[in-house]
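> Data: work_13.cif, mmCIF, C-alpha atoms.
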data_work
#
loop_
_atom_site.label_atom_id
_atom_site.label_comp_id
_atom_site.auth_asym_id
_atom_site.auth_seq_id
_atom_site.Cartn_x
_atom_site.Cartn_y
_atom_site.Cartn_z
CA MET H 17 -40.19 36.61 28.18
CA ASP H 18 -40.19 38.63 24.94
CA ALA H 19 -36.45 39.27 25.04
CA VAL H 20 -35.67 35.64 25.65
CA GLU H 21 -34.07 33.88 22.73
CA LEU H 22 -36.86 31.99 20.99
CA GLY H 23 -35.07 28.65 20.88
CA GLY H 24 -34.69 28.67 24.67
CA ARG H 25 -38.34 29.43 25.20
CA ILE H 26 -39.41 26.67 22.78
CA ARG H 27 -37.25 24.13 24.64
CA LEU H 28 -38.84 25.12 27.94
CA ALA H 29 -42.27 24.82 26.28
CA HIS H 30 -41.45 21.21 25.35
CA ALA H 31 -40.52 20.49 28.97
CA CYS H 32 -43.71 22.13 30.20
CA LEU H 33 -45.86 20.09 27.79
CA GLN H 34 -44.19 16.89 28.98
CA ALA H 35 -44.94 17.82 32.59
CA VAL H 36 -48.58 18.54 31.70
CA ALA H 37 -48.83 15.20 29.85
CA THR H 38 -47.35 13.32 32.79
CA ALA H 39 -49.74 15.05 35.20
CA CYS H 40 -52.84 14.07 33.21
CA GLU H 41 -51.46 10.69 32.08
CA ALA H 42 -51.61 11.55 28.38
CA ASP H 43 -49.16 9.99 25.92
CA ILE H 44 -47.35 12.61 23.84
CA LEU H 45 -44.35 12.55 21.53
CA HIS H 46 -42.26 15.64 20.93
CA VAL H 47 -41.59 15.96 17.20
CA LYS H 48 -39.54 18.10 14.80
CA GLY H 49 -37.59 21.25 15.53
CA TYR H 50 -35.80 21.46 18.86
CA ALA H 51 -37.16 18.03 19.84
CA ALA H 52 -35.09 16.35 17.12
CA THR H 53 -31.89 14.51 17.88
CA GLU H 54 -28.87 16.70 17.17
CA GLY H 55 -27.65 16.40 13.59
CA PHE H 56 -31.03 15.71 11.98
CA TYR H 57 -31.25 19.31 10.75
CA ARG H 58 -28.65 21.59 9.23
CA SER H 59 -26.96 23.62 11.96
CA ASN H 60 -28.39 27.05 11.09
CA ARG H 61 -32.00 25.90 11.00
CA HIS H 62 -34.45 27.58 13.40
CA SER H 63 -37.93 26.66 14.54
CA THR H 64 -40.68 29.02 15.61
CA ASP H 65 -42.77 26.85 17.88
CA ALA H 66 -42.96 23.53 19.71
CA ASP H 67 -44.70 20.59 18.05
CA ILE H 68 -46.09 17.56 19.79
CA LEU H 69 -48.11 14.57 18.67
CA VAL H 70 -50.75 13.39 21.15
CA ARG H 71 -52.23 9.90 21.23
CA PRO H 72 -55.59 10.51 19.50
CA GLY H 73 -57.54 9.00 22.37
CA HIS H 74 -55.79 11.35 24.83
CA VAL H 75 -56.25 14.61 22.92
CA GLU H 76 -59.33 15.71 24.81
CA VAL H 77 -57.93 15.17 28.30
CA PHE H 78 -54.60 16.77 27.32
CA THR H 79 -56.04 19.90 25.70
CA HIS H 80 -58.50 20.31 28.55
CA ARG H 81 -55.58 20.23 30.99
CA LEU H 82 -53.70 22.80 28.91
CA VAL H 83 -56.59 25.24 29.15
CA THR H 84 -56.84 24.61 32.91
CA ASP H 85 -53.12 25.39 33.18
CA GLY H 86 -53.50 28.78 31.50
CA TRP H 87 -52.94 28.00 27.83
CA GLU H 88 -55.14 29.82 25.33
CA LYS H 89 -56.45 28.03 22.25
CA VAL H 90 -55.53 30.12 19.19
CA THR H 91 -56.79 27.82 16.42
CA ASP H 92 -58.90 24.68 16.62
CA PHE H 93 -58.12 21.40 14.85
CA SER H 94 -60.81 22.11 12.28
CA SER H 95 -59.37 25.51 11.40
CA GLY H 96 -55.62 24.97 11.65
CA SER H 97 -54.78 23.62 8.17
CA ALA H 98 -56.17 21.75 5.16
CA PHE H 99 -55.34 18.52 7.00
CA HIS H 100 -57.21 19.56 10.17
CA HIS H 101 -54.42 17.87 12.06
CA ALA H 102 -53.23 20.43 14.59
CA ALA H 103 -54.50 23.05 17.01
CA THR H 104 -52.38 25.95 18.19
CA PHE H 105 -52.20 26.94 21.85
CA ARG H 106 -50.33 29.87 23.35
CA HIS H 107 -49.05 30.60 26.84
CA PRO H 108 -47.72 33.93 28.10
CA TRP H 109 -44.50 32.31 29.41
CA TRP H 110 -43.96 29.43 26.97
CA GLY H 111 -45.15 30.88 23.65
CA ALA H 112 -46.93 28.97 20.88
CA VAL H 113 -47.23 25.21 20.51
CA ASP H 114 -48.85 23.06 17.83
CA ILE H 115 -50.77 20.12 19.23
CA HIS H 116 -51.06 17.41 16.56
CA ARG H 117 -53.81 14.82 16.82
CA TYR H 118 -52.22 13.01 13.89
CA PHE H 119 -49.37 13.61 11.52
CA PRO H 120 -50.28 14.51 7.91
CA GLY H 121 -49.47 11.53 5.72
CA MET H 122 -50.02 9.14 8.63
CA ASP H 123 -53.64 10.09 9.16
CA ALA H 124 -55.37 7.02 7.68
CA HIS H 125 -54.96 4.99 10.87
CA ALA H 126 -54.05 7.64 13.40
CA GLU H 127 -54.39 5.56 16.57
CA GLU H 128 -52.47 2.58 15.17
CA ASN H 129 -49.79 4.84 13.75
CA PHE H 130 -49.34 6.64 17.06
CA GLU H 131 -48.94 3.26 18.77
CA ARG H 132 -46.38 2.29 16.12
CA LEU H 133 -44.36 5.44 16.92
CA TRP H 134 -44.92 5.02 20.66
CA ALA H 135 -43.68 1.42 20.68
CA THR H 136 -40.16 2.48 19.67
CA ARG H 137 -40.02 5.85 21.48
CA GLN H 138 -37.02 7.04 23.45
CA SER H 139 -36.39 9.64 26.12
CA LEU H 140 -34.45 12.75 25.12
CA PRO H 141 -33.61 15.63 27.45
CA ILE H 142 -35.05 18.89 26.17
CA ALA H 143 -34.12 21.81 28.41
CA HIS H 144 -32.53 19.12 30.61
CA TYR H 145 -35.99 17.61 31.14
CA PRO H 146 -36.75 14.05 30.00
CA CYS H 147 -39.18 14.12 27.07
CA ALA H 148 -40.64 11.27 25.02
CA VAL H 149 -39.56 11.44 21.37
CA PRO H 150 -39.81 8.96 18.48
CA SER H 151 -36.93 6.64 17.63
CA ASP H 152 -34.16 8.21 15.55
CA ALA H 153 -35.43 6.55 12.36
CA ASP H 154 -38.99 7.74 12.97
CA GLN H 155 -37.77 11.26 13.74
CA ILE H 156 -36.08 11.39 10.35
CA LEU H 157 -39.19 10.03 8.67
CA LEU H 158 -41.36 12.69 10.35
CA ILE H 159 -38.96 15.45 9.30
CA MET H 160 -39.10 14.14 5.73
CA LEU H 161 -42.90 13.87 5.71
CA HIS H 162 -43.23 17.40 7.05
CA ALA H 163 -40.73 18.85 4.58
CA GLY H 164 -43.14 18.39 1.67
CA ARG H 165 -45.52 20.96 3.11
CA ASP H 166 -42.96 23.34 4.58
CA GLY H 167 -42.05 25.32 1.48
CA TRP H 168 -38.49 26.51 0.97
CA ARG H 169 -37.40 25.53 4.48
CA GLY H 170 -38.70 22.02 3.89
CA SER H 171 -36.82 21.67 0.62
CA LEU H 172 -33.61 22.64 2.44
CA ASP H 173 -34.38 20.02 5.12
CA ILE H 174 -34.76 17.37 2.41
CA GLN H 175 -31.56 18.48 0.64
CA TYR H 176 -29.69 18.16 3.91
CA LEU H 177 -31.10 14.71 4.73
CA ARG H 178 -30.41 13.47 1.19
CA ARG H 179 -26.79 14.49 1.75
CA VAL H 180 -26.37 12.74 5.08
CA LEU H 181 -28.50 9.62 4.46
CA SER H 182 -27.08 6.72 2.49
CA PRO H 183 -29.18 5.08 -0.28
CA ARG H 184 -29.69 2.21 2.16
CA ASP H 185 -30.99 4.65 4.82
CA LEU H 186 -33.36 6.18 2.28
CA GLU H 187 -34.65 2.76 1.33
CA ARG H 188 -35.22 2.06 5.02
CA MET H 189 -37.23 5.30 5.23
CA ARG H 190 -39.38 4.22 2.29
CA ARG H 191 -40.10 0.89 3.96
CA ARG H 192 -40.93 2.56 7.26
CA ALA H 193 -43.20 5.07 5.47
CA ALA H 194 -45.07 2.14 3.90
CA GLU H 195 -45.70 0.69 7.37
CA PHE H 196 -47.48 3.96 8.25
CA GLY H 197 -49.31 4.19 4.90
CA ALA H 198 -47.34 7.38 4.30
CA GLU H 199 -45.87 6.59 0.89
CA ILE H 200 -47.55 9.50 -0.90
CA ALA H 201 -46.48 12.01 1.76
CA LEU H 202 -42.89 10.83 1.45
CA ALA H 203 -43.14 10.97 -2.34
CA ALA H 204 -44.34 14.58 -2.08
CA SER H 205 -41.24 15.46 -0.07
CA LEU H 206 -38.87 13.62 -2.40
CA GLY H 207 -40.30 15.20 -5.57
CA GLU H 208 -41.87 11.91 -6.68
CA LEU H 209 -45.52 12.87 -6.35
CA GLY H 210 -46.12 12.20 -10.06
CA ASP H 211 -45.88 8.48 -9.29
CA TYR H 212 -49.12 8.84 -7.30
CA ARG H 213 -51.18 10.73 -9.89
CA HIS H 214 -54.17 8.39 -9.40
CA HIS H 215 -54.04 8.34 -5.59
CA PRO H 216 -57.08 9.98 -3.89
CA ASP H 217 -54.71 12.24 -1.91
CA TYR H 218 -52.69 13.33 -4.97
CA LEU H 219 -54.35 16.75 -5.35
CA LEU H 220 -54.11 17.41 -1.62
CA TRP H 221 -50.36 16.77 -1.54
CA LYS H 222 -49.89 18.69 -4.77
CA TYR H 223 -51.68 21.64 -3.19
CA MET H 224 -49.54 21.33 -0.05
CA THR H 225 -46.29 21.18 -2.00
CA VAL H 226 -46.84 23.73 -4.77
CA GLY H 227 -49.71 25.79 -3.34
CA GLY H 228 -52.74 27.09 -5.20
CA SER H 229 -55.97 29.01 -4.82
CA ARG H 230 -58.68 28.46 -2.25
CA ILE H 231 -60.65 26.56 -4.90
CA ASP H 232 -57.62 24.30 -5.52
CA GLU H 233 -57.53 23.56 -1.80
CA TRP H 234 -61.22 22.63 -1.62
CA VAL H 235 -61.04 20.51 -4.77
CA ALA H 236 -58.04 18.71 -3.26
CA ARG H 237 -59.78 18.15 0.06
CA TYR H 238 -62.92 16.97 -1.74
CA SER H 239 -60.90 14.47 -3.80
CA ALA H 240 -59.11 13.22 -0.67
CA ALA H 241 -62.35 12.66 1.27
CA ARG H 242 -62.95 8.91 1.20
CA THR H 243 -66.71 8.71 1.82
CA LEU H 244 -69.71 10.54 0.40
CA ARG H 245 -70.46 11.90 3.85
CA ALA H 246 -66.89 13.22 4.16
CA LYS H 247 -67.13 14.79 0.71
CA ALA H 248 -70.43 16.45 1.69
CA ARG H 249 -68.77 17.88 4.82
CA VAL H 250 -65.92 19.31 2.75
CA ALA H 251 -68.37 20.86 0.29
CA ALA H 252 -70.49 22.38 3.05
CA SER H 253 -67.49 23.73 4.94
CA SER H 254 -65.98 25.35 1.86
CA LEU H 255 -67.81 28.60 2.48
CA LEU H 256 -67.80 28.52 6.28
CA VAL H 257 -65.81 31.33 7.83
CA ASN H 258 -62.74 30.24 9.79
CA LYS H 259 -63.39 32.27 12.93
CA ASP H 260 -59.98 31.49 14.43
CA HIS H 261 -58.11 32.86 11.43
CA LEU H 262 -60.45 35.83 11.18
CA ALA H 263 -59.77 36.60 14.86
CA MET H 264 -56.01 36.50 14.22
CA ARG H 265 -56.37 38.82 11.24
CA LEU H 266 -58.61 41.28 13.07
CA GLY H 267 -56.65 41.07 16.32
CA ARG H 268 -59.91 40.59 18.26
CA ARG H 269 -62.81 38.18 18.57
CA PRO H 270 -64.95 38.64 15.41
CA SER H 271 -68.48 39.97 15.77
CA ARG H 272 -71.46 38.51 13.89
CA ALA H 273 -71.17 41.38 11.42
CA ASP H 274 -67.46 40.55 10.85
CA VAL H 275 -68.33 36.92 10.13
CA ALA H 276 -71.15 37.93 7.75
CA THR H 277 -68.85 40.32 5.87
CA GLU H 278 -66.19 37.62 5.59
CA TRP H 279 -68.73 35.07 4.38
CA VAL H 280 -69.96 37.38 1.62
CA GLY H 281 -66.32 38.04 0.67
CA ARG H 282 -65.62 34.32 0.42
CA VAL H 283 -68.61 33.70 -1.80
CA ARG H 284 -67.45 36.56 -4.04
CA GLN H 285 -63.88 35.24 -4.06
CA ALA H 286 -65.04 31.72 -4.92
CA GLY H 287 -67.21 33.17 -7.69
CA THR H 288 -64.29 35.18 -9.05
CA GLU H 289 -61.93 32.19 -9.02
CA ILE H 290 -64.49 29.97 -10.73
CA GLY H 291 -65.15 32.75 -13.26
CA GLN H 292 -61.42 33.02 -14.01
CA ARG H 293 -61.24 29.27 -14.53
CA VAL H 294 -64.23 29.22 -16.84
CA ARG H 295 -62.71 32.04 -18.88
CA GLY H 296 -59.39 30.15 -18.89
CA VAL H 297 -61.06 26.99 -20.14
CA LEU H 298 -62.98 28.89 -22.83
CA LYS H 299 -59.82 30.69 -23.91
CA GLY H 300 -58.03 27.36 -24.08
CA SER H 301 -60.73 25.77 -26.19
CA GLU H 302 -60.83 28.84 -28.46
CA GLY H 303 -57.10 28.48 -28.87
CA ARG H 304 -57.37 24.82 -29.79
CA GLU H 305 -60.09 25.52 -32.31
CA SER H 306 -58.20 28.33 -33.97
CA PRO H 307 -56.56 27.40 -37.24
CA MET Z 2 -23.54 16.99 46.39
CA THR Z 3 -26.22 19.23 44.86
CA ARG Z 4 -29.16 17.90 42.87
CA ILE Z 5 -31.48 19.79 40.59
CA ALA Z 6 -35.13 19.07 41.42
CA GLY Z 7 -36.90 16.60 39.12
CA ASP Z 8 -39.49 19.12 37.95
CA VAL Z 9 -36.93 21.70 36.83
CA ALA Z 10 -36.22 22.47 33.18
CA TRP Z 11 -33.48 24.89 32.28
CA VAL Z 12 -31.66 26.36 29.32
CA VAL Z 13 -28.70 28.65 28.83
CA THR Z 14 -29.37 30.96 25.94
CA SER Z 15 -28.30 34.27 24.48
CA GLY Z 16 -30.19 37.29 25.74
CA PRO Z 17 -30.04 40.95 24.76
CA ASP Z 18 -27.35 41.62 27.39
CA GLY Z 19 -25.33 38.44 27.07
CA PRO Z 20 -25.91 34.86 28.17
CA GLN Z 21 -28.85 34.09 30.38
CA CYS Z 22 -30.04 30.98 32.11
CA LEU Z 23 -33.75 30.31 32.37
CA ILE Z 24 -34.86 27.85 35.00
CA ALA Z 25 -38.41 26.76 35.54
CA ARG Z 26 -40.31 24.34 37.68
CA VAL Z 27 -42.67 22.95 35.07
CA PRO Z 28 -45.46 23.14 34.32
CA ASP Z 29 -46.84 25.89 36.50
CA HIS Z 30 -44.08 28.11 37.90
CA GLN Z 31 -42.93 31.25 36.14
CA PRO Z 32 -39.36 30.90 34.86
CA LEU Z 33 -36.50 32.59 36.71
CA GLN Z 34 -33.73 34.31 34.84
CA LEU Z 35 -30.11 34.10 35.96
CA SER Z 36 -27.32 36.11 34.42
CA GLY Z 37 -23.63 36.83 34.90
CA THR Z 38 -21.75 34.73 37.45
CA ALA Z 39 -25.04 33.27 38.73
CA ILE Z 40 -25.05 31.17 35.55
CA ASP Z 41 -21.62 29.76 36.44
CA LEU Z 42 -22.87 28.86 39.90
CA TRP Z 43 -25.99 27.19 38.50
CA LEU Z 44 -23.91 25.16 36.03
CA SER Z 45 -21.64 24.09 38.86
CA TRP Z 46 -24.61 22.95 40.96
CA ALA Z 47 -26.23 21.25 37.96
CA ASP Z 48 -22.95 19.35 37.63
CA GLY Z 49 -23.38 18.14 41.21
CA ALA Z 50 -20.98 20.44 43.06
CA SER Z 51 -21.83 21.24 46.68
CA LEU Z 52 -22.17 24.86 47.75
CA GLU Z 53 -18.66 24.80 49.17
CA GLU Z 54 -17.19 23.19 46.06
CA SER Z 55 -18.90 25.71 43.80
CA ILE Z 56 -17.51 28.62 45.82
CA GLU Z 57 -14.02 27.19 45.46
CA GLU Z 58 -14.56 26.67 41.72
CA MET Z 59 -15.68 30.28 41.26
CA SER Z 60 -12.81 31.51 43.35
CA ALA Z 61 -10.35 29.70 41.09
CA LEU Z 62 -12.16 30.65 37.89
CA TYR Z 63 -12.39 34.39 38.64
CA GLU Z 64 -9.27 34.57 40.80
CA VAL Z 65 -11.07 36.16 43.75
CA PRO Z 66 -10.91 35.23 47.44
CA THR Z 67 -13.63 32.79 48.52
CA ALA Z 68 -14.61 35.16 51.31
CA ASP Z 69 -15.59 37.81 48.74
CA ILE Z 70 -18.01 35.57 46.85
CA ARG Z 71 -19.33 33.37 49.64
CA PRO Z 72 -22.20 35.61 50.89
CA GLU Z 73 -23.79 36.08 47.43
CA SER Z 74 -23.23 32.46 46.45
CA GLU Z 75 -24.82 31.24 49.66
CA ARG Z 76 -27.75 33.64 49.28
CA LEU Z 77 -28.47 32.43 45.73
CA PHE Z 78 -28.15 28.79 46.74
CA ARG Z 79 -30.52 29.17 49.70
CA GLU Z 80 -33.07 31.09 47.61
CA LEU Z 81 -33.08 28.42 44.92
CA GLU Z 82 -33.27 25.73 47.57
CA ALA Z 83 -36.21 27.45 49.25
CA GLY Z 84 -37.91 27.76 45.86
CA GLY Z 85 -37.60 24.02 45.32
CA TYR Z 86 -35.18 24.30 42.39
CA LEU Z 87 -32.34 22.35 43.96
CA HIS Z 88 -31.38 20.54 47.12
CA GLU Z 89 -28.27 19.25 48.81
#
Do you think you could lay out the structure here as structure tokens?


Amino acid sequence: MDAVELGGRIRLAHACLQAVATACEADILHVKGYAATEGFYRSNRHSTDADILVRPGHVEVFTHRLVTDGWEKVTDFSSGSAFHHAATFRHPWWGAVDIHRYFPGMDAHAEENFERLWATRQSLPIAHYPCAVPSDADQILLIMLHAGRDGWRGSLDIQYLRRVLSPRDLERMRRRAAEFGAEIALAASLGELGDYRHHPDYLLWKYMTVGGSRIDEWVARYSAARTLRAKARVAASSLLVNKDHLAMRLGRRPSRADVATEWVGRVRQAGTEIGQRVRGVLKGSEGRESP
Amino acid sequence: MTRIAGDVAWVVTSGPDGPQCLIARVPDHQPLQLSGTAIDLWLSWADGASLEESIEEMSALYEVPTADIRPESERLFRELEAGGYLHE
């Protein structure tokens, strides 16, 4: 399948995932990329994988079925991104897919938010196979929410949507985002994150939109954690080695020695970054004190 | 009247040697790849044409006698039918 045009393979992957979901009675929604209604992206935009959102309560049965059907888990939910929202699976025929257990920005009430999307879903043929996708309005909202953490490509997606949506449409998107509790995620995409400076998720969305160091990421995740227990988990996990990513980098399953080496490297890196910050702060205070 | 089976997904896409059509019985059958005039036949069947109608369509499209294209068209149709991809 290597020579096959990627877009074709991704479309077939969507169809395959729908068939798997139907077989194990899991509710899934195909989101973004080639699952979007035509016209929601600029014409020369390409995607690299298939994305689906699974009803949180059905994630276990669905992912178990994927593995039974020959899919290999590449990254786990806990190691996929700062949001811990998606796991990546790969199949020799269908390529890579991202399985979302919730959508970043809509994560506060994942089950309710999935139901909200599910209630207005529609069927769209992908590779001539009927697939469940969100309503047109929700598709646009999801594209907008994702754009904030998709770098340059995301900013082009937003530019395009701002051109084709009327002010009234945009207002409708803001209202719909509020129903999902996704106002800050939408603000991040629209360049209005400053309005949410005191929101617990502010640093997390700032990190996702403008990037930063590993320390920035952990500080952001720590700030976004709502409970003391969640904060403690973030702090403890900050120096854990992400074995999935290490395996991808090494091109093989990491040994204990590989993990130990990586762990020592992370502690050193964290120490270096903190050291740079301390020196930066001291320099700054020296500067302020200078006549 | 030809009907594509309910578990079949398919796409026409650009391959290294021109257009190709990938058809798959999802989720657990390896995709098949059609190329050249086989794609035209598949599109005709996907549009509901019977085997006979598709042969006539191809004959008109490529300006060749039906007798010349019938054996290969029939062979492809029967193979896809046996594989569960389509039925009359």

> Compile the residues of chain H that lie within 10 Å of chain Z, evaluated using all atoms listed in the file, and express the compilation as a PyMOL selection string.

chain H and resi 17+19-25+27-37+39+82+85-86+108-110+141-146

> Using only C-alpha atoms, determine which residues lie at most 12 Å from stretch 37-43 of chain Z, disregarding the query and same-chain residues fewer than 2 positions distant; provide the list as a VMD selection string.

chain Z and resid 3 to 5 11 to 16 18 to 24 33 to 35 45 to 60 62 to 63 70 to 71 73 to 78 81 to 82 86 to 87

> May I have the residues from that selection written out with C-alpha atoms, as a compact mmCIF listing (two decimals), in the frame of the given file?


# COMPACT_ATOMS: atom_id res chain seq x y z
CA THR Z 3 -26.22 19.23 44.86
CA ARG Z 4 -29.16 17.90 42.87
CA ILE Z 5 -31.48 19.79 40.59
CA TRP Z 11 -33.48 24.89 32.28
CA VAL Z 12 -31.66 26.36 29.32
CA VAL Z 13 -28.70 28.65 28.83
CA THR Z 14 -29.37 30.96 25.94
CA SER Z 15 -28.30 34.27 24.48
CA GLY Z 16 -30.19 37.29 25.74
CA ASP Z 18 -27.35 41.62 27.39
CA GLY Z 19 -25.33 38.44 27.07
CA PRO Z 20 -25.91 34.86 28.17
CA GLN Z 21 -28.85 34.09 30.38
CA CYS Z 22 -30.04 30.98 32.11
CA LEU Z 23 -33.75 30.31 32.37
CA ILE Z 24 -34.86 27.85 35.00
CA LEU Z 33 -36.50 32.59 36.71
CA GLN Z 34 -33.73 34.31 34.84
CA LEU Z 35 -30.11 34.10 35.96
CA SER Z 45 -21.64 24.09 38.86
CA TRP Z 46 -24.61 22.95 40.96
CA ALA Z 47 -26.23 21.25 37.96
CA ASP Z 48 -22.95 19.35 37.63
CA GLY Z 49 -23.38 18.14 41.21
CA ALA Z 50 -20.98 20.44 43.06
CA SER Z 51 -21.83 21.24 46.68
CA LEU Z 52 -22.17 24.86 47.75
CA GLU Z 53 -18.66 24.80 49.17
CA GLU Z 54 -17.19 23.19 46.06
CA SER Z 55 -18.90 25.71 43.80
CA ILE Z 56 -17.51 28.62 45.82
CA GLU Z 57 -14.02 27.19 45.46
CA GLU Z 58 -14.56 26.67 41.72
CA MET Z 59 -15.68 30.28 41.26
CA SER Z 60 -12.81 31.51 43.35
CA LEU Z 62 -12.16 30.65 37.89
CA TYR Z 63 -12.39 34.39 38.64
CA ILE Z 70 -18.01 35.57 46.85
CA ARG Z 71 -19.33 33.37 49.64
CA GLU Z 73 -23.79 36.08 47.43
CA SER Z 74 -23.23 32.46 46.45
CA GLU Z 75 -24.82 31.24 49.66
CA ARG Z 76 -27.75 33.64 49.28
CA LEU Z 77 -28.47 32.43 45.73
CA PHE Z 78 -28.15 28.79 46.74
CA LEU Z 81 -33.08 28.42 44.92
CA GLU Z 82 -33.27 25.73 47.57
CA TYR Z 86 -35.18 24.30 42.39
CA LEU Z 87 -32.34 22.35 43.96

> Between H:Leu157, H:Val113, H:Ala148, H:Ala194, which is the closest to H:Asp173 once you count all atoms listed in the file?

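Among H:Leu157, H:Val113, H:Ala148, H:Ala194, it is H:Leu157 that comes nearest to H:Asp173.
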
> Applied to this file, what does the PyMOL selection byres ((chain H and resi 189) around 9) return in terms of residues, put as a ChimeraX atom specification?

/H:153-154,156-157,184-188,190-194,202

> So which residues are close to (-40.8, 23.7, 3.5), meaning at most 12 Å away in the file's coordinates with all atoms listed in the file counted, and can you show them as an MDAnalysis selection string?

chainID H and resid 61 63 159:175 204:206 224:227

> Enter the distance from atom CA of H:Asp114 to atom CA of H:Leu69, in Å, rounded to one decimal.

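For atom CA of H:Asp114 relative to atom CA of H:Leu69, the distance reads 8.6 Å.
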
> Could you jot down the atom CA of H:Trp134 to atom CA of H:Ala42 separation for me, Å, one decimal place?

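That distance, rounded to one decimal, is 12.1 Å.
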
> Can you spell out as a list of chain:residue names the set of residues that the PyMOL selection byres ((chain H and resi 115-117) around 7) selects in the structure I just provided?

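When the PyMOL selection byres ((chain H and resi 115-117) around 7) is applied, the selected residues are H:Asp67, H:Ile68, H:Leu69, H:Val70, H:Arg71, H:Pro72, H:Val75, H:His101, H:Ala102, H:Ala103, H:Thr104, H:Val113, H:Asp114, H:Tyr118, H:Phe119.
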
> Please indicate the distance in Å from atom CA of H:Val83 to atom CA of H:Ala66, rounded to one decimal place.

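Result for atom CA of H:Val83 versus atom CA of H:Ala66: 16.7 Å, one decimal.
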
> Looking at H:Leu158, H:Val180, H:Cys40, H:Leu45, which one is nearest to H:Val77, with distances taken over only C-alpha atoms?

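Among H:Leu158, H:Val180, H:Cys40, H:Leu45, it is H:Cys40 that comes nearest to H:Val77.
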